[in-house]
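Engineer: Supplied structure: start.tsv, TSV, C-alpha atoms and all ligand atoms.
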chain	number	residue	atom	x	y	z
A	108	MET	CA	0.00	0.00	0.00
A	109	GLU	CA	1.10	3.57	-0.71
A	110	THR	CA	2.26	5.77	2.12
A	111	THR	CA	2.47	9.54	2.54
A	112	SER	CA	5.32	11.58	3.97
A	113	ARG	CA	3.00	13.87	5.93
A	114	THR	CA	3.66	14.12	9.63
A	115	ALA	CA	1.58	14.63	12.79
A	116	ALA	CA	0.79	18.16	14.01
A	117	THR	CA	3.47	20.00	15.94
A	118	ALA	CA	2.85	22.41	18.82
A	119	ALA	CA	2.45	25.43	16.50
A	120	ASP	CA	-0.09	23.81	14.14
A	121	THR	CA	-3.79	24.48	14.30
A	122	ILE	CA	-6.26	21.64	14.75
A	123	LEU	CA	-10.01	21.71	14.05
A	124	VAL	CA	-12.37	19.37	15.94
A	125	ILE	CA	-15.82	19.06	14.33
A	126	GLY	CA	-18.41	17.65	16.72
A	127	ALA	CA	-16.48	18.98	19.74
A	128	GLY	CA	-19.59	19.05	21.93
A	129	GLY	CA	-20.22	15.29	21.65
A	130	GLN	CA	-19.22	12.46	23.99
A	131	LEU	CA	-15.83	11.89	22.36
A	132	GLY	CA	-15.38	15.43	21.02
A	133	LEU	CA	-15.54	17.01	24.43
A	134	GLU	CA	-12.75	14.89	25.87
A	135	LEU	CA	-10.62	14.82	22.74
A	136	THR	CA	-10.75	18.62	22.47
A	137	HIS	CA	-9.61	18.90	26.08
A	138	GLU	CA	-6.77	16.43	25.49
A	139	LEU	CA	-5.62	18.15	22.27
A	140	ARG	CA	-5.67	21.54	24.00
A	141	GLN	CA	-3.43	20.12	26.74
A	142	LEU	CA	-1.03	18.82	24.11
A	143	TYR	CA	-0.98	21.63	21.54
A	144	GLY	CA	-2.13	24.69	23.51
A	145	ALA	CA	-5.74	25.83	23.91
A	146	SER	CA	-5.54	28.59	21.30
A	147	ASN	CA	-4.31	26.11	18.66
A	148	VAL	CA	-7.31	23.80	18.92
A	149	VAL	CA	-10.53	25.11	17.37
A	150	ALA	CA	-13.68	23.43	18.70
A	151	ALA	CA	-16.67	23.39	16.34
A	152	ASP	CA	-20.15	22.05	16.84
A	153	VAL	CA	-23.62	22.39	15.32
A	154	ARG	CA	-24.93	23.74	18.62
A	155	GLU	CA	-23.57	25.63	21.62
A	156	PRO	CA	-22.05	22.89	23.83
A	157	LYS	CA	-23.66	22.26	27.24
A	158	ASN	CA	-20.18	22.01	28.72
A	159	ASP	CA	-18.73	25.53	28.98
A	160	GLU	CA	-15.14	24.29	28.79
A	161	VAL	CA	-15.31	23.55	25.05
A	162	GLN	CA	-16.33	27.12	24.31
A	163	GLN	CA	-14.41	29.03	26.94
A	164	ALA	CA	-11.03	27.31	27.08
A	165	GLY	CA	-10.19	28.05	23.42
A	166	PRO	CA	-11.60	29.13	20.05
A	167	PHE	CA	-15.13	27.89	19.24
A	168	GLU	CA	-17.14	28.01	15.99
A	169	LEU	CA	-20.78	27.13	15.42
A	170	LEU	CA	-20.59	24.82	12.40
A	171	ASP	CA	-22.97	22.48	10.62
A	172	VAL	CA	-20.70	20.10	8.69
A	173	LEU	CA	-23.42	19.82	6.01
A	174	ASP	CA	-22.95	23.54	5.28
A	175	LYS	CA	-19.94	23.22	2.98
A	176	PRO	CA	-19.35	26.95	2.29
A	177	ARG	CA	-19.30	27.62	6.06
A	178	LEU	CA	-16.96	24.64	6.63
A	179	GLU	CA	-14.62	26.01	3.96
A	180	ASP	CA	-14.74	29.50	5.54
A	181	VAL	CA	-13.75	28.04	8.92
A	182	ILE	CA	-10.89	26.07	7.34
A	183	ARG	CA	-9.73	29.09	5.30
A	184	HIS	CA	-9.77	31.23	8.43
A	185	TYR	CA	-7.88	28.89	10.82
A	186	LYS	CA	-5.82	26.93	8.25
A	187	PRO	CA	-5.81	23.74	10.35
A	188	LYS	CA	-3.18	21.09	9.58
A	189	GLN	CA	-5.40	18.41	11.14
A	190	VAL	CA	-9.18	17.99	11.16
A	191	TYR	CA	-10.91	15.57	13.53
A	192	HIS	CA	-14.37	15.02	12.03
A	193	LEU	CA	-16.50	13.43	14.76
A	194	ALA	CA	-20.02	14.66	13.90
A	195	ALA	CA	-22.38	11.72	13.24
A	196	LEU	CA	-25.76	10.21	14.04
A	197	LEU	CA	-25.21	7.04	16.12
A	198	SER	CA	-26.83	3.64	15.63
A	199	ALA	CA	-30.19	3.93	17.42
A	200	THR	CA	-30.89	7.49	16.26
A	201	ALA	CA	-29.89	6.76	12.65
A	202	GLU	CA	-32.27	3.78	12.61
A	203	LYS	CA	-35.11	6.18	13.48
A	204	ASN	CA	-34.00	8.86	10.95
A	205	PRO	CA	-32.44	6.76	8.18
A	206	LYS	CA	-32.30	9.41	5.46
A	207	PHE	CA	-30.87	12.07	7.71
A	208	GLY	CA	-28.47	9.53	9.28
A	209	TRP	CA	-27.14	8.69	5.83
A	210	GLN	CA	-26.97	12.35	4.79
A	211	LEU	CA	-25.12	13.54	7.88
A	212	ASN	CA	-22.75	10.58	8.08
A	213	MET	CA	-21.89	10.51	4.36
A	214	ASP	CA	-22.24	14.08	3.07
A	215	GLY	CA	-20.52	15.38	6.21
A	216	LEU	CA	-17.57	13.09	5.49
A	217	PHE	CA	-17.41	14.08	1.80
A	218	ASN	CA	-17.50	17.77	2.74
A	219	VAL	CA	-14.56	17.32	5.11
A	220	LEU	CA	-12.50	15.13	2.74
A	221	ASP	CA	-13.05	17.46	-0.24
A	222	ALA	CA	-12.37	20.61	1.80
A	223	ALA	CA	-9.20	18.97	3.15
A	224	ILE	CA	-7.91	18.38	-0.37
A	225	ASP	CA	-8.97	21.76	-1.76
A	226	LEU	CA	-7.68	23.80	1.18
A	227	GLY	CA	-4.49	21.96	2.09
A	228	VAL	CA	-5.43	20.15	5.33
A	229	GLN	CA	-2.75	17.50	5.84
A	230	GLN	CA	-4.40	14.95	8.12
A	231	VAL	CA	-8.01	13.95	8.73
A	232	TYR	CA	-9.26	11.74	11.57
A	233	TRP	CA	-12.65	10.08	11.17
A	234	PRO	CA	-14.15	7.55	13.59
A	235	SER	CA	-15.64	4.30	12.39
A	236	SER	CA	-17.33	1.73	14.62
A	237	ILE	CA	-17.88	-1.95	15.39
A	238	ALA	CA	-21.21	-1.26	13.62
A	239	VAL	CA	-19.47	-1.94	10.28
A	240	PHE	CA	-19.89	-5.63	11.12
A	241	GLY	CA	-23.20	-7.46	10.74
A	242	PRO	CA	-25.00	-10.70	11.57
A	243	ASP	CA	-22.89	-12.74	9.08
A	244	THR	CA	-19.62	-11.62	10.69
A	245	PRO	CA	-17.83	-14.05	13.06
A	246	ARG	CA	-19.02	-12.74	16.47
A	247	HIS	CA	-16.06	-13.66	18.65
A	248	ASN	CA	-12.64	-12.16	18.20
A	249	THR	CA	-13.87	-10.53	14.99
A	250	PRO	CA	-10.90	-10.16	12.60
A	251	GLN	CA	-9.79	-6.98	10.84
A	252	LEU	CA	-10.67	-8.44	7.45
A	253	THR	CA	-13.82	-10.54	7.36
A	254	VAL	CA	-17.42	-10.66	6.14
A	255	MET	CA	-19.04	-7.32	6.98
A	256	ASN	CA	-22.68	-6.97	5.73
A	257	PRO	CA	-23.87	-4.42	8.32
A	258	ASN	CA	-27.66	-4.18	8.62
A	259	THR	CA	-28.07	-0.79	10.31
A	260	VAL	CA	-28.08	2.62	8.61
A	261	TYR	CA	-25.24	3.69	10.88
A	262	GLY	CA	-23.19	0.57	10.08
A	263	ILE	CA	-23.78	0.91	6.33
A	264	SER	CA	-22.71	4.56	6.46
A	265	LYS	CA	-19.59	3.73	8.49
A	266	LEU	CA	-18.56	0.91	6.16
A	267	ALA	CA	-19.08	3.10	3.08
A	268	GLY	CA	-17.18	5.91	4.85
A	269	GLU	CA	-14.24	3.59	5.54
A	270	GLN	CA	-14.03	2.66	1.87
A	271	TRP	CA	-14.15	6.33	0.86
A	272	CYS	CA	-11.39	7.20	3.35
A	273	GLU	CA	-9.22	4.53	1.77
A	274	TRP	CA	-10.08	5.83	-1.72
A	275	TYR	CA	-9.14	9.43	-0.81
A	276	PHE	CA	-5.88	8.13	0.61
A	277	ARG	CA	-5.05	6.20	-2.56
A	278	LYS	CA	-6.30	8.69	-5.14
A	279	HIS	CA	-5.53	11.99	-3.44
A	280	LYS	CA	-2.72	11.05	-1.02
A	281	LEU	CA	-4.83	12.53	1.79
A	282	ASP	CA	-3.56	11.21	5.14
A	283	VAL	CA	-6.90	9.97	6.53
A	284	ARG	CA	-6.79	7.79	9.65
A	285	SER	CA	-9.59	5.94	11.37
A	286	LEU	CA	-10.48	3.58	14.23
A	287	ARG	CA	-13.45	1.24	14.64
A	288	TYR	CA	-14.47	2.25	18.14
A	289	PRO	CA	-16.31	-0.15	20.41
A	290	GLY	CA	-18.87	1.35	22.85
A	291	LEU	CA	-17.18	4.28	24.63
A	292	ILE	CA	-17.66	4.87	28.34
A	293	GLY	CA	-16.72	8.06	30.17
A	294	TYR	CA	-17.90	10.11	33.14
A	295	LYS	CA	-17.55	13.60	31.65
A	296	SER	CA	-20.53	13.49	29.29
A	297	LEU	CA	-23.44	11.33	28.27
A	298	PRO	CA	-23.52	9.68	24.86
A	299	GLY	CA	-26.64	10.14	22.74
A	300	GLY	CA	-28.45	7.74	20.46
A	301	GLY	CA	-26.14	4.72	20.64
A	302	THR	CA	-26.78	1.05	21.39
A	303	THR	CA	-23.89	0.84	23.85
A	304	ASP	CA	-25.12	3.88	25.87
A	305	TYR	CA	-26.50	1.65	28.65
A	306	ALA	CA	-22.93	1.09	29.85
A	307	VAL	CA	-22.66	4.80	30.69
A	308	ASP	CA	-26.20	5.37	32.04
A	309	ILE	CA	-25.90	2.44	34.45
A	310	TYR	CA	-23.07	4.11	36.42
A	311	HIS	CA	-25.04	7.35	36.79
A	312	LYS	CA	-27.98	5.41	38.25
A	313	ALA	CA	-25.72	3.48	40.64
A	314	VAL	CA	-24.17	6.66	42.04
A	315	ALA	CA	-27.61	8.28	42.37
A	316	GLY	CA	-28.71	5.25	44.45
A	317	GLN	CA	-31.34	4.29	41.85
A	318	PRO	CA	-32.15	0.99	40.12
A	319	TYR	CA	-31.38	0.67	36.39
A	320	GLU	CA	-33.69	-0.68	33.70
A	321	CYS	CA	-31.52	-1.95	30.85
A	322	PHE	CA	-32.69	-1.86	27.23
A	323	LEU	CA	-30.51	-4.88	26.36
A	324	LYS	CA	-30.76	-8.46	27.64
A	325	ALA	CA	-28.63	-9.52	30.63
A	326	ASP	CA	-26.23	-11.66	28.58
A	327	THR	CA	-25.64	-9.32	25.61
A	328	TYR	CA	-21.87	-9.18	25.16
A	329	LEU	CA	-20.46	-6.16	23.31
A	330	PRO	CA	-16.95	-4.75	22.84
A	331	MET	CA	-16.42	-1.69	25.07
A	332	MET	CA	-13.67	0.78	25.94
A	333	TYR	CA	-13.01	3.32	28.69
A	334	MET	CA	-12.54	6.88	27.44
A	335	PRO	CA	-8.88	7.31	28.51
A	336	ASP	CA	-8.01	4.28	26.34
A	337	ALA	CA	-10.02	5.68	23.41
A	338	LEU	CA	-8.22	9.04	23.67
A	339	GLN	CA	-4.85	7.32	23.88
A	340	ALA	CA	-5.62	5.15	20.85
A	341	THR	CA	-6.77	8.13	18.80
A	342	LEU	CA	-3.71	10.23	19.57
A	343	ASP	CA	-1.31	7.29	19.15
A	344	LEU	CA	-2.76	6.57	15.71
A	345	MET	CA	-2.56	10.22	14.68
A	346	HIS	CA	1.05	10.45	15.88
A	347	ALA	CA	2.16	7.18	14.28
A	348	PRO	CA	4.58	7.42	11.31
A	349	ALA	CA	2.53	7.15	8.11
A	350	ASP	CA	4.69	4.46	6.56
A	351	GLY	CA	3.93	1.99	9.40
A	352	LEU	CA	0.19	2.10	8.78
A	353	THR	CA	-1.09	-0.82	6.73
A	354	VAL	CA	-4.81	-0.11	7.18
A	355	ARG	CA	-6.27	2.97	5.50
A	356	SER	CA	-9.92	2.03	5.86
A	357	SER	CA	-10.20	1.74	9.67
A	358	TYR	CA	-8.40	-0.25	12.39
A	359	ASN	CA	-10.18	-2.78	14.63
A	360	LEU	CA	-9.76	-1.58	18.22
A	361	GLY	CA	-10.51	-3.66	21.31
A	362	ALA	CA	-10.15	-3.33	25.06
A	363	MET	CA	-12.78	-5.37	26.91
A	364	SER	CA	-16.03	-7.20	26.32
A	365	PHE	CA	-18.85	-7.55	28.85
A	366	SER	CA	-22.59	-8.01	29.34
A	367	PRO	CA	-25.00	-5.77	31.32
A	368	GLU	CA	-25.14	-8.40	34.08
A	369	GLU	CA	-21.36	-8.28	34.41
A	370	VAL	CA	-21.36	-4.48	34.72
A	371	ALA	CA	-24.00	-4.77	37.47
A	372	THR	CA	-21.82	-7.32	39.28
A	373	SER	CA	-18.81	-5.04	38.96
A	374	ILE	CA	-20.84	-2.10	40.35
A	375	ARG	CA	-22.08	-4.24	43.30
A	376	ARG	CA	-18.48	-4.41	44.59
A	377	HIS	CA	-19.14	-0.75	45.57
A	378	TYR	CA	-22.96	-0.68	45.85
A	379	PRO	CA	-24.06	-4.15	47.07
A	380	ASP	CA	-27.78	-3.23	46.81
A	381	PHE	CA	-27.59	-2.03	43.21
A	382	HIS	CA	-30.56	-3.42	41.25
A	383	ILE	CA	-30.78	-3.99	37.50
A	384	SER	CA	-33.83	-5.14	35.51
A	385	TYR	CA	-34.16	-5.86	31.79
A	386	GLN	CA	-36.62	-4.48	29.27
A	387	PRO	CA	-35.04	-5.12	25.83
A	388	ASP	CA	-36.21	-2.75	23.06
A	389	SER	CA	-35.33	-2.27	19.37
A	390	ARG	CA	-31.69	-1.71	20.29
A	391	GLN	CA	-31.41	-5.44	21.17
A	392	GLN	CA	-31.61	-6.30	17.47
A	393	ILE	CA	-28.80	-3.87	16.70
A	394	ALA	CA	-26.63	-5.29	19.49
A	395	ASP	CA	-27.31	-8.85	18.29
A	396	SER	CA	-25.94	-7.97	14.87
A	397	TRP	CA	-22.61	-6.70	16.25
A	398	PRO	CA	-19.48	-8.56	17.40
A	399	ALA	CA	-19.11	-9.70	21.00
A	400	SER	CA	-15.34	-9.19	20.96
A	401	ILE	CA	-12.73	-7.76	18.59
A	402	ASP	CA	-9.35	-8.93	17.32
A	403	ASP	CA	-7.17	-5.81	17.16
A	404	ALA	CA	-3.86	-7.54	16.40
A	405	GLN	CA	-3.19	-5.27	13.42
A	406	ALA	CA	-3.44	-2.10	15.52
A	407	ARG	CA	-1.11	-3.62	18.15
A	408	LYS	CA	1.39	-4.57	15.45
A	409	ASP	CA	1.29	-1.38	13.34
A	410	TRP	CA	1.30	1.33	16.01
A	411	GLY	CA	1.66	-0.42	19.36
A	412	TRP	CA	-1.94	-0.32	20.61
A	413	GLN	CA	-2.25	-1.55	24.20
A	414	PRO	CA	-5.38	-0.84	26.32
A	415	GLN	CA	-5.01	-0.07	30.04
A	416	PHE	CA	-8.51	-0.59	31.46
A	417	ASP	CA	-10.52	-3.75	32.13
A	418	LEU	CA	-14.09	-3.79	33.49
A	419	ASN	CA	-13.33	-3.56	37.23
A	420	LYS	CA	-10.61	-0.95	36.81
A	421	MET	CA	-13.00	1.14	34.71
A	422	THR	CA	-15.86	0.69	37.22
A	423	ASP	CA	-13.64	1.87	40.10
A	424	ASP	CA	-12.59	4.97	38.17
A	425	MET	CA	-16.09	5.80	36.81
A	426	LEU	CA	-17.72	5.54	40.23
A	427	LEU	CA	-14.96	7.57	41.90
A	428	HIS	CA	-15.30	10.44	39.42
A	429	LEU	CA	-19.09	10.39	39.28
A	430	ARG	CA	-19.22	10.54	43.10
A	431	LEU	CA	-16.86	13.53	43.08
A	432	ARG	CA	-19.10	15.28	40.55
A	433	GLN	CA	-22.26	14.84	42.59
A	434	PRO	CA	-23.72	18.12	43.90
B	1	LIG	C1	-23.36	3.13	19.11
B	1	LIG	O1	-23.77	2.40	20.02
B	1	LIG	O2	-24.05	3.46	18.14
B	1	LIG	C2	-21.93	3.62	19.17
B	1	LIG	C3	-21.00	2.73	18.41
B	1	LIG	C4	-20.71	1.38	18.90
B	1	LIG	O3	-20.48	3.13	17.41
B	1	LIG	N1	-21.51	3.73	20.53
Spit out the file's structure as structure tokens when you get a sec.

Structural biologist:
Amino acid sequence: METTSRTAATAADTILVIGAGGQLGLELTHELRQLYGASNVVAADVREPKNDEVQQAGPFELLDVLDKPRLEDVIRHYKPKQVYHLAALLSATAEKNPKFGWQLNMDGLFNVLDAAIDLGVQQVYWPSSIAVFGPDTPRHNTPQLTVMNPNTVYGISKLAGEQWCEWYFRKHKLDVRSLRYPGLIGYKSLPGGGTTDYAVDIYHKAVAGQPYECFLKADTYLPMMYMPDALQATLDLMHAPADGLTVRSSYNLGAMSFSPEEVATSIRRHYPDFHISYQPDSRQQIADSWPASIDDAQARKDWGWQPQFDLNKMTDDMLLHLRLRQP
């Protein structure tokens, strides 16, 4: 496969994060500002973020990624070397708004990739997901290269997006990099519209001393990852030398795999009376079509991926921080 000679951003470069108010965007923006300086990291989102930090700690732009002229104006103004394009509709929401899910996830990506080429952005980061896999995919230890056949709007859009990223890399030498995230769990913000969201909500209920009604069955295993690992993986990939990267669609990325019942058991080490009940809804079908665990050997080999958190270590950290944040 071809490689590019482009390098990762240095301290003086400007970085644009689109979707900076979202679950991942919020934490990634914070991390990038620590690394590159707050004034060098431009946060952009379609709405004013609920968390003041995104807007107040550095530059902020209201930006709808579907508005291409406005996107180009923002890029012309700040001249970012890197763009992190995180804006998307997640699995459950996209299933309810299929046309808009497709439009946002695909046209948004095209707008960013085309603007990057036209306006000289050197590196683009775009998240993919375990949703690229479908019911025909081997469920356990799902390989990097295998049968895909996703059956959700979100998964179809992510798989198509991966192929386009690879095409822009080959045809235009654009240094696009991508990870297939599992469900992401963090205490700083709530996810919205995903199938793996239960694994965040459950901790909030536990700390509030309330029972949790789960929308997935007790034994539904899904690949998951704690936010510090996801941030580390993203930055490690973006900092990796281009010629070591053998995957230009999107890398499989794993950390842990658990079921709702196992999270409840992990929480009960701190809250012995914690109660969980199960009321599966339409998200069960989505979860059943996804892998239970992921083989990320290629990421480990190419750029040294190594997760730090397992379920109990994550539970201890989540509960500690959520308790500290309680009023
Ligand atoms: C979702 O549940 O839709 C996302 C994902 C796995 O990409 N968290």

Engineer: Which chains and residue numbers are within 7 Å of ligand LIG 1 (chain B), counting all atoms listed in the file, if I want them as a list in words?

Structural biologist: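 Answer in the requested format: Leu197, Ser198, Ala199, Ser236, Ile237, Ala238, Tyr288, Pro289, Gly290, Leu291, Gly300, Gly301, Thr302, Thr303 and Asp304 of chain A.
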
Engineer: May I have the residues within 10 Å of segment 245-257 of chain A as a PyMOL selection string, using all atoms listed in the file and disregarding those fewer than 3 positions away in the same chain?

Structural biologist: chain A and resi 237-242+260-266+287+328-330+354+357-361+393+395-406

Engineer: In Å, rounded to a single decimal, give me how far atom CA of Cys272 of chain A is from atom CA of Arg284 of chain A.

Structural biologist: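 It comes out at 7.8 Å.
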
Engineer: Residues near segment 337-346 of chain A, anyone? I mean within 9 Å using all atoms listed in the file, not counting same-chain ones fewer than 3 positions away, as a PyMOL selection string.

Structural biologist: chain A and resi 114-116+131+134-135+138-139+230-232+284-286+288+291+332-334+349+352+360+406+410-414

Engineer: What gap, in Å, lies between atom CA of Asp417 of chain A and atom CA of Val307 of chain A?

Structural biologist: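 Going from atom CA of Asp417 of chain A over to atom CA of Val307 of chain A covers 14.9 Å.
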
Engineer: Could you check the closest approach to Ile292 of chain A for each of A:Ala150, A:Leu418, A:Leu211, A:Ala347 and tell me which residue wins, using only C-alpha atoms?

Structural biologist: A:Leu418

Engineer: Just to confirm, what's the straight-line distance from atom CA of Tyr319 of chain A to atom CA of Thr200 of chain A in Å (one decimal)?

Structural biologist: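 About the pair atom CA of Tyr319 of chain A and atom CA of Thr200 of chain A: they are 21.3 Å apart.
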
Engineer: Near Val149 of chain A, counting all atoms listed in the file, which residues have an atom at most 12 Å away, once you skip same-chain residues fewer than 3 positions from it, shown as a PyMOL selection string?

Structural biologist: chain A and resi 120-128+132-133+135-137+139-140+143-146+152+161-170+181-182+184-191

Engineer: Restricted to C-alpha atoms, what would the selected residues look like written as a PDB file, keeping the file's coordinate frame?

Structural biologist:
ATOM      1  CA  ASP A 120      -0.090  23.810  14.140  1.00  0.00           C
ATOM      2  CA  THR A 121      -3.790  24.480  14.300  1.00  0.00           C
ATOM      3  CA  ILE A 122      -6.260  21.640  14.750  1.00  0.00           C
ATOM      4  CA  LEU A 123     -10.010  21.710  14.050  1.00  0.00           C
ATOM      5  CA  VAL A 124     -12.370  19.370  15.940  1.00  0.00           C
ATOM      6  CA  ILE A 125     -15.820  19.060  14.330  1.00  0.00           C
ATOM      7  CA  GLY A 126     -18.410  17.650  16.720  1.00  0.00           C
ATOM      8  CA  ALA A 127     -16.480  18.980  19.740  1.00  0.00           C
ATOM      9  CA  GLY A 128     -19.590  19.050  21.930  1.00  0.00           C
ATOM     10  CA  GLY A 132     -15.380  15.430  21.020  1.00  0.00           C
ATOM     11  CA  LEU A 133     -15.540  17.010  24.430  1.00  0.00           C
ATOM     12  CA  LEU A 135     -10.620  14.820  22.740  1.00  0.00           C
ATOM     13  CA  THR A 136     -10.750  18.620  22.470  1.00  0.00           C
ATOM     14  CA  HIS A 137      -9.610  18.900  26.080  1.00  0.00           C
ATOM     15  CA  LEU A 139      -5.620  18.150  22.270  1.00  0.00           C
ATOM     16  CA  ARG A 140      -5.670  21.540  24.000  1.00  0.00           C
ATOM     17  CA  TYR A 143      -0.980  21.630  21.540  1.00  0.00           C
ATOM     18  CA  GLY A 144      -2.130  24.690  23.510  1.00  0.00           C
ATOM     19  CA  ALA A 145      -5.740  25.830  23.910  1.00  0.00           C
ATOM     20  CA  SER A 146      -5.540  28.590  21.300  1.00  0.00           C
ATOM     21  CA  ASP A 152     -20.150  22.050  16.840  1.00  0.00           C
ATOM     22  CA  VAL A 161     -15.310  23.550  25.050  1.00  0.00           C
ATOM     23  CA  GLN A 162     -16.330  27.120  24.310  1.00  0.00           C
ATOM     24  CA  GLN A 163     -14.410  29.030  26.940  1.00  0.00           C
ATOM     25  CA  ALA A 164     -11.030  27.310  27.080  1.00  0.00           C
ATOM     26  CA  GLY A 165     -10.190  28.050  23.420  1.00  0.00           C
ATOM     27  CA  PRO A 166     -11.600  29.130  20.050  1.00  0.00           C
ATOM     28  CA  PHE A 167     -15.130  27.890  19.240  1.00  0.00           C
ATOM     29  CA  GLU A 168     -17.140  28.010  15.990  1.00  0.00           C
ATOM     30  CA  LEU A 169     -20.780  27.130  15.420  1.00  0.00           C
ATOM     31  CA  LEU A 170     -20.590  24.820  12.400  1.00  0.00           C
ATOM     32  CA  VAL A 181     -13.750  28.040   8.920  1.00  0.00           C
ATOM     33  CA  ILE A 182     -10.890  26.070   7.340  1.00  0.00           C
ATOM     34  CA  HIS A 184      -9.770  31.230   8.430  1.00  0.00           C
ATOM     35  CA  TYR A 185      -7.880  28.890  10.820  1.00  0.00           C
ATOM     36  CA  LYS A 186      -5.820  26.930   8.250  1.00  0.00           C
ATOM     37  CA  PRO A 187      -5.810  23.740  10.350  1.00  0.00           C
ATOM     38  CA  LYS A 188      -3.180  21.090   9.580  1.00  0.00           C
ATOM     39  CA  GLN A 189      -5.400  18.410  11.140  1.00  0.00           C
ATOM     40  CA  VAL A 190      -9.180  17.990  11.160  1.00  0.00           C
ATOM     41  CA  TYR A 191     -10.910  15.570  13.530  1.00  0.00           C
TER      42      TYR A 191
END

Engineer: Using all atoms listed in the file, find the one residue out of A:Pro379, A:Gly129, A:Pro298, A:Gly316 that sits nearest to Val153 of chain A.

Structural biologist: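 Among the listed residues, the smallest separation from Val153 of chain A belongs to A:Gly129.
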
Engineer: Restricting the calculation to all atoms listed in the file, which member of A:Gln141, A:Thr353, A:Asn258, A:Gln130 is positioned closest to Gly299 of chain A?

Structural biologist: A:Gln130

Engineer: Give the answer as one residue: which of A:Gln229, A:Thr259, A:Gln317, A:Thr244 has the shortest atom-to-atom distance to Leu281 of chain A, using only C-alpha atoms?

Structural biologist: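 For Leu281 of chain A, the nearest of the given residues is A:Gln229.
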
Engineer: With all atoms listed in the file as the basis for distance, which of A:Asn419, A:Pro234, A:Phe322, A:Lys295 is at the shortest distance from Glu160 of chain A?

Structural biologist: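 The shortest atom-to-atom distance to Glu160 of chain A comes from A:Lys295.
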
Engineer: Please, what is the axis-aligned box for every listed atom of segment 185-192 of chain A with 8 Å on each side, as centre and edge lengths in Å to one decimal, as AutoDock Vina command-line options?

Structural biologist:
--center_x -8.8 --center_y 22.0 --center_z 10.9 --size_x 27.2 --size_y 29.9 --size_z 21.3

Engineer: Which one of A:Ile224, A:Pro367, A:Leu193, A:Glu320 sits closest to His279 of chain A if you count only C-alpha atoms?

Structural biologist: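 Smallest separation from His279 of chain A among the options: A:Ile224.
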